[in-house]
Amino acid sequence: MPHALTPLESRWLAEVIRQHEAAGSPLEDGDLLPQVLQAPADAETRILRRAELIGAREGWLASITAWRGHARTTLLVLALIALISGFGAALGVMGTGDRPVNVLWLLGSLLGVHLFSLALWLVGMTAGGQGGGALLGRAWWWLSDHLGALGTGRKQDALIGGALLHLLAQHGLLRWVSGAISHLLWLIALLGALLGLLLALALQRYAFIIETTILPSEVFVALTAALGWLPAKLGFAIPDAGMVRASGEGLPQMEAARLAWSSWLVGCVVAYGLLPRLLLWAGCQLLWMRGRSRLRLDLNLPGYAALRARLLPASERIGVVDQAPSSLPRARIQAHAAHHGETNLLVGLELAADIIWPPAEAERLATWTVVDSREERQRLLEALQAHPPARLLVALDARLSPDRGTLRYLTELAGHADDTHVWLMDHEPRDAGRIGHWHEALQSIGLPPEAVIDDDPQHALHWLEQGP
Amino acid sequence: MSTPLHLAVVGHTNTGKTSLLRTLTRDTDFGEVSARPSTTRHVEGARLLVEDEPVVELYDTPGMEDAMGLLEAVESLVKPGERLDGPARIDRFLHSPLATERFEQEAKVLRQLLASDAALVVIDARDPVLAKYRDELTLLAACARPLLPVLNFAHSPASREAEWREALARLGLHAVVSFDTVAPEVDGERRLLEKLITLLDAHRLPLERLLKAREAEARERMAAGRRLIAELLVDVAACRMLVKHDEDEAIQRQVELLRERIRQREQACVAALLTLYRFRPGDVDMATIPLVEGRWEEDLFSPDALRGMGIRIGKGAVAGAITGVGIDLIVGGLTLGAATVAGAVAGGLWQVFGHYGERLVGKLRGFRSLTVDDAILRLLAVRQRWLLSALHRRGHAAIEPLRLEAPDVKRWRKGPLPDALKSARQHPEWSALNEGFKPEAAREKAIAELAEQLLDEPSTR
């Protein structure tokens, strides 16, 4: 059973899923969505919740826990190795005490590699890198990641380490993580070395010497004092000038000198080995922890931006609040007795002011009119009632949409004429279907298809003057 | 939180009421939209949410179709000598049998309007200002609710916006907004909401919240879009393939393979941008954006595509046929600049070997490395940026074709490539197209930097 995720882990999981989806395999989340939408209305919270649910379903949650386990084991093993190698190295360089020990050589062997790697790390940091010099940190990472992938053998788990790397790198935390690991391992190694040193000093009798071919002994006096300055602050002894000279000349050593040299050596390892590593480790750890607590998903990452719209919807539907009627009211042209009208009339209905009316072809007609307002419509109906025409041609602007009001008025007009045709003046169709919609609408009021004339003034006017 | 603002969306049939709802709700499947008149015959609602909290309720209504007849009927319901104000007349109509028979649809609209705080009146600005539309507005105004006319298609060549504005002013409607319901201008929604705020001061706070949320959303989407493009550019710039020396056929095969990878990578970016802006590949029909079914019409490596964007192919191209792929004859990139040396030392020496080792080994073994030409990078940058800003305006780029002399376009066409791309060239492990891809922090930084440089949004008309 996976434990509750830490804030870092849940963001890590979200990143795994983001990378998986960004690689072109979106994950089905339809059934999880209702659960996600119950989380507080905040994009990050919901993205994390979704990740958690998907992660549990797809097994990534367990993979992350496993990866963590591997990382911990790796760290433990590395720490053990560091401790043993530090310890062994110290014992090795100290020897068995049958030969006098060169103090400076000894100090160099104990601290040299450490100082070199520290310098490398510092240069890496100041050059703005991501802690490229934290070799041990990298080694730990590499091992954890490869062990993790080996552990489960699932292909999709290959993303796990990379996702964490990406997440940390993106927030500039990688340097602190690998720095902290590196310094911690060095700290342990140096601790091992210190233990080895103390053990050797406790159980063996060593004579400490300084050897030189060309340097005057004053150099060593000064060097010893300078190196001993910091340890002295911590309470370690500094061999005095006489002791240093004596060690340089290979004279038999006094007990006091042995003690002073031992204290100086231990002090140097503590002050130049343990102390800086401890401080750096604490610093890195602090920065890492601070950064970790501030870690938020970067919602501008493409994958998240698209998710956001779904997890924090801009709207929700209310549904139909007022049902549609089973059918719309429809007017129909009423069958009527013949009026035996004698005139032919051209009527323009609902025509825009910029349409030339009457059209040039119709100018010779004696009877044409145009109506739009309610009053005009009423007057026309009254006129038709008084003098019903034999043929009535109604011109309409086909760019407009047919509506019930216009159709109803058409039925009223048609009721007063013996024969009615509609002329669809088509100036510039707005969409391909519109003429078709007019035809349908006109048929629905009972106008036969042949009574509807598409944009063809000759045909329309010929019908009006001559009949079919 | 107070109850949300109720807005009825009303208007003549077929003017784009449901489209307006779809656009405002970001719900592309809301209701039913068709060119056929009287498509919507019911009243359907949707809530606009800010952080899950309903701020506005919108109600889509059927079209008003028989306003003239209705106005006459309403007048006939007033007895001679009786004085009734607008809402009282409407109320009397709603309680008459007419409201369930001939004017059932109109009654739905008026009932909804009376139940709302205000209405958006959608008008097709291409239609002439006919008497029936005036009667419709008279009826709506009789409900005594604030009305905000929304001029749809106001940017169409056939628009009669000025006529409409004058007619609306004569009816006492002075606050008017032009808003294309299908392809709104980049600031269209802001203007619409601002107009609403001036009309409905009591609802200022929630509306301003909505406004802010929508603007933040647009900004975030744009940022994500730029990042997608930056990532594409880094992937392509860092892409590198090794091919055995002196085998022309093998080189040709590798070149084609590389091109295909780059094409697919670009296509992935187009698809991601469309998804980001919630376009479905078929949706994008922008006259001047040559996308067909969500794919660029012009192949990335065709000379026409480069010429179309005003990009001259560099000297790196093989003479005769533009391949868009640089082949390093002498092992290039081994001239380490001072900066790379410093960076390499900082990064640990083995890393240097990681960067250059492959190519060094390649040279020793007689391989050549294939990289994508600068010209292709420029083309990718220009056309993806263009697509992004077109999507940002939801199609309004269609009105304004790409201007090659626009400062940001010009910079990508002719100016030096950004440093982030130059460093990507040195880092094959930054490209998701290469084996051994590592999304390290420096790559993230380069992408962020590049996205920043894609920032300058071309002015909005």
# chains A, B, ... in the order shown; residues from 1 in each chain; ligands from 1

$ closest_atom_pairs --of "chain A" --to "chain B" --cutoff "6 Å" --atoms "only C-alpha atoms" --output "JSON lines"
{"residue": "A:Ala41", "atom": "CA", "partner": "B:Glu51", "partner_atom": "CA", "distance": 5.2}
{"residue": "A:Val123", "atom": "CA", "partner": "B:Ala346", "partner_atom": "CA", "distance": 5.8}
{"residue": "A:Gly124", "atom": "CA", "partner": "B:Ala346", "partner_atom": "CA", "distance": 4.4}
{"residue": "A:Ala127", "atom": "CA", "partner": "B:Ala346", "partner_atom": "CA", "distance": 5.9}
{"residue": "A:Gly132", "atom": "CA", "partner": "B:Gly347", "partner_atom": "CA", "distance": 4.7}
{"residue": "A:Gly133", "atom": "CA", "partner": "B:Gly348", "partner_atom": "CA", "distance": 5.9}
{"residue": "A:Ala169", "atom": "CA", "partner": "B:Ala441", "partner_atom": "CA", "distance": 4.4}
{"residue": "A:Gln170", "atom": "CA", "partner": "B:Ala441", "partner_atom": "CA", "distance": 5.7}
{"residue": "A:Asn300", "atom": "CA", "partner": "B:Ala224", "partner_atom": "CA", "distance": 4.9}
{"residue": "A:Leu301", "atom": "CA", "partner": "B:Ala224", "partner_atom": "CA", "distance": 5.7}
{"residue": "A:Pro302", "atom": "CA", "partner": "B:Ala224", "partner_atom": "CA", "distance": 4.8}
{"residue": "A:Ala306", "atom": "CA", "partner": "B:Leu276", "partner_atom": "CA", "distance": 5.2}
{"residue": "A:Ala314", "atom": "CA", "partner": "B:Leu49", "partner_atom": "CA", "distance": 5.1}
{"residue": "A:Ser315", "atom": "CA", "partner": "B:Leu48", "partner_atom": "CA", "distance": 4.3}
{"residue": "A:Glu316", "atom": "CA", "partner": "B:Arg47", "partner_atom": "CA", "distance": 5.2}
{"residue": "A:Arg317", "atom": "CA", "partner": "B:Ala46", "partner_atom": "CA", "distance": 4.2}
{"residue": "A:Ile318", "atom": "CA", "partner": "B:Ala46", "partner_atom": "CA", "distance": 4.9}
{"residue": "A:Gly319", "atom": "CA", "partner": "B:Glu44", "partner_atom": "CA", "distance": 5.4}
{"residue": "A:Val320", "atom": "CA", "partner": "B:Glu44", "partner_atom": "CA", "distance": 4.1}
{"residue": "A:Val321", "atom": "CA", "partner": "B:Glu44", "partner_atom": "CA", "distance": 5.6}
{"residue": "A:Asp322", "atom": "CA", "partner": "B:Val43", "partner_atom": "CA", "distance": 4.9}
{"residue": "A:Gln323", "atom": "CA", "partner": "B:His42", "partner_atom": "CA", "distance": 5.1}
{"residue": "A:Ala324", "atom": "CA", "partner": "B:His42", "partner_atom": "CA", "distance": 4.3}
{"residue": "A:Pro329", "atom": "CA", "partner": "B:Arg102", "partner_atom": "CA", "distance": 5.6}
{"residue": "A:Ala352", "atom": "CA", "partner": "B:Pro128", "partner_atom": "CA", "distance": 5.2}
{"residue": "A:Asp372", "atom": "CA", "partner": "B:Ala131", "partner_atom": "CA", "distance": 5.9}
{"residue": "A:Ser373", "atom": "CA", "partner": "B:Ala131", "partner_atom": "CA", "distance": 5.0}
{"residue": "A:Asp403", "atom": "CA", "partner": "B:Glu65", "partner_atom": "CA", "distance": 5.3}
{"residue": "A:Arg404", "atom": "CA", "partner": "B:Glu65", "partner_atom": "CA", "distance": 5.4}
{"residue": "A:Gly405", "atom": "CA", "partner": "B:Asp66", "partner_atom": "CA", "distance": 4.0}

$ write_last_selection --atoms "C-alpha atoms" --output "mmCIF file, in the first residue's frame"
data_model
loop_
_atom_site.group_PDB
_atom_site.id
_atom_site.type_symbol
_atom_site.label_atom_id
_atom_site.label_comp_id
_atom_site.auth_asym_id
_atom_site.auth_seq_id
_atom_site.Cartn_x
_atom_site.Cartn_y
_atom_site.Cartn_z
ATOM 1 C CA ALA A 41 -10.418 24.910 -7.079
ATOM 2 C CA VAL A 123 34.540 26.082 -9.640
ATOM 3 C CA GLY A 124 31.486 24.271 -10.972
ATOM 4 C CA ALA A 127 30.596 29.000 -13.159
ATOM 5 C CA GLY A 132 28.813 19.296 -12.281
ATOM 6 C CA GLY A 133 31.659 18.910 -9.826
ATOM 7 C CA ALA A 169 16.860 20.985 -12.678
ATOM 8 C CA GLN A 170 14.011 23.222 -13.652
ATOM 9 C CA ASN A 300 3.200 27.239 -18.074
ATOM 10 C CA LEU A 301 4.608 23.925 -19.192
ATOM 11 C CA PRO A 302 2.609 23.010 -22.266
ATOM 12 C CA ALA A 306 -3.813 22.259 -21.650
ATOM 13 C CA ALA A 314 -14.293 27.929 -17.571
ATOM 14 C CA SER A 315 -17.963 26.990 -17.526
ATOM 15 C CA GLU A 316 -20.470 24.340 -16.648
ATOM 16 C CA ARG A 317 -23.734 23.540 -18.344
ATOM 17 C CA ILE A 318 -27.023 24.159 -16.635
ATOM 18 C CA GLY A 319 -29.064 22.261 -19.171
ATOM 19 C CA VAL A 320 -32.352 23.045 -20.819
ATOM 20 C CA VAL A 321 -34.504 25.196 -18.558
ATOM 21 C CA ASP A 322 -37.375 25.731 -20.985
ATOM 22 C CA GLN A 323 -38.185 22.798 -23.266
ATOM 23 C CA ALA A 324 -38.595 23.130 -27.011
ATOM 24 C CA PRO A 329 -46.325 27.191 -35.233
ATOM 25 C CA ALA A 352 -32.174 46.861 -47.776
ATOM 26 C CA ASP A 372 -40.962 46.864 -44.822
ATOM 27 C CA SER A 373 -42.702 48.473 -41.834
ATOM 28 C CA ASP A 403 -38.189 33.635 -40.436
ATOM 29 C CA ARG A 404 -41.706 32.910 -39.271
ATOM 30 C CA GLY A 405 -42.780 36.562 -39.434
#

$ residues_around --residues "region 76-85 of chain B" --least-positions-apart "3" --cutoff "12 Å" --atoms "only C-alpha atoms" --output "PyMOL selection string"
chain B and resi 69-73+88-99+139+141-144

$ residues_around --residues "region 229-236 of chain B" --least-positions-apart "5" --cutoff "6 Å" --atoms "only C-alpha atoms" --output "NGL selection string"
:B and (424 or 431-432 or 447 or 450-451)

$ atom_distance --atom1 "CA of Val422 (chain A)" --atom2 "CA of Leu392 (chain A)"
8.4 Å

$ atom_distance --atom1 "CA of Leu307 (chain A)" --atom2 "CA of Ser25 (chain A)"
14.1 Å

$ atom_distance --atom1 "CA of Leu300 (chain B)" --atom2 "CA of Cys239 (chain B)"
15.7 Å

$ select_by_dssp --residues "region 23-97 of chain B" --states "strand (DSSP E or B)" --output "list of chain:residue names"
B:Val43, B:Glu44, B:Gly45, B:Ala46, B:Arg47, B:Leu48, B:Leu49, B:Val50, B:Glu53, B:Pro54, B:Val55, B:Val56, B:Glu57, B:Leu58, B:Tyr59, B:Asp60, B:Met64

$ write_last_selection --atoms "C-alpha atoms" --output "compact mmCIF listing (two decimals), in the first residue's frame"
# COMPACT_ATOMS: atom_id res chain seq x y z
CA VAL B 43 -33.77 27.89 -23.49
CA GLU B 44 -30.49 26.39 -22.33
CA GLY B 45 -28.13 27.76 -19.72
CA ALA B 46 -24.45 27.66 -18.84
CA ARG B 47 -22.48 29.11 -15.95
CA LEU B 48 -19.21 30.95 -16.38
CA LEU B 49 -16.88 29.88 -13.60
CA VAL B 50 -13.95 31.52 -11.91
CA GLU B 53 -17.46 29.68 -8.56
CA PRO B 54 -20.31 30.63 -10.87
CA VAL B 55 -19.97 34.29 -11.77
CA VAL B 56 -22.35 34.66 -14.68
CA GLU B 57 -25.23 32.53 -15.88
CA LEU B 58 -25.89 32.75 -19.58
CA TYR B 59 -29.13 31.60 -21.18
CA ASP B 60 -29.32 30.77 -24.85
CA MET B 64 -37.22 36.11 -32.23

$ closest_residue --among "B:Ala271, B:Leu114, B:Val176, B:Leu370" --to "Leu199 (chain B)" --atoms "only C-alpha atoms"
B:Val176

$ closest_residue --among "A:Ala180, A:Leu407, A:Ile238, A:Leu120" --to "Ala441 (chain A)" --atoms "only C-alpha atoms"
A:Leu407
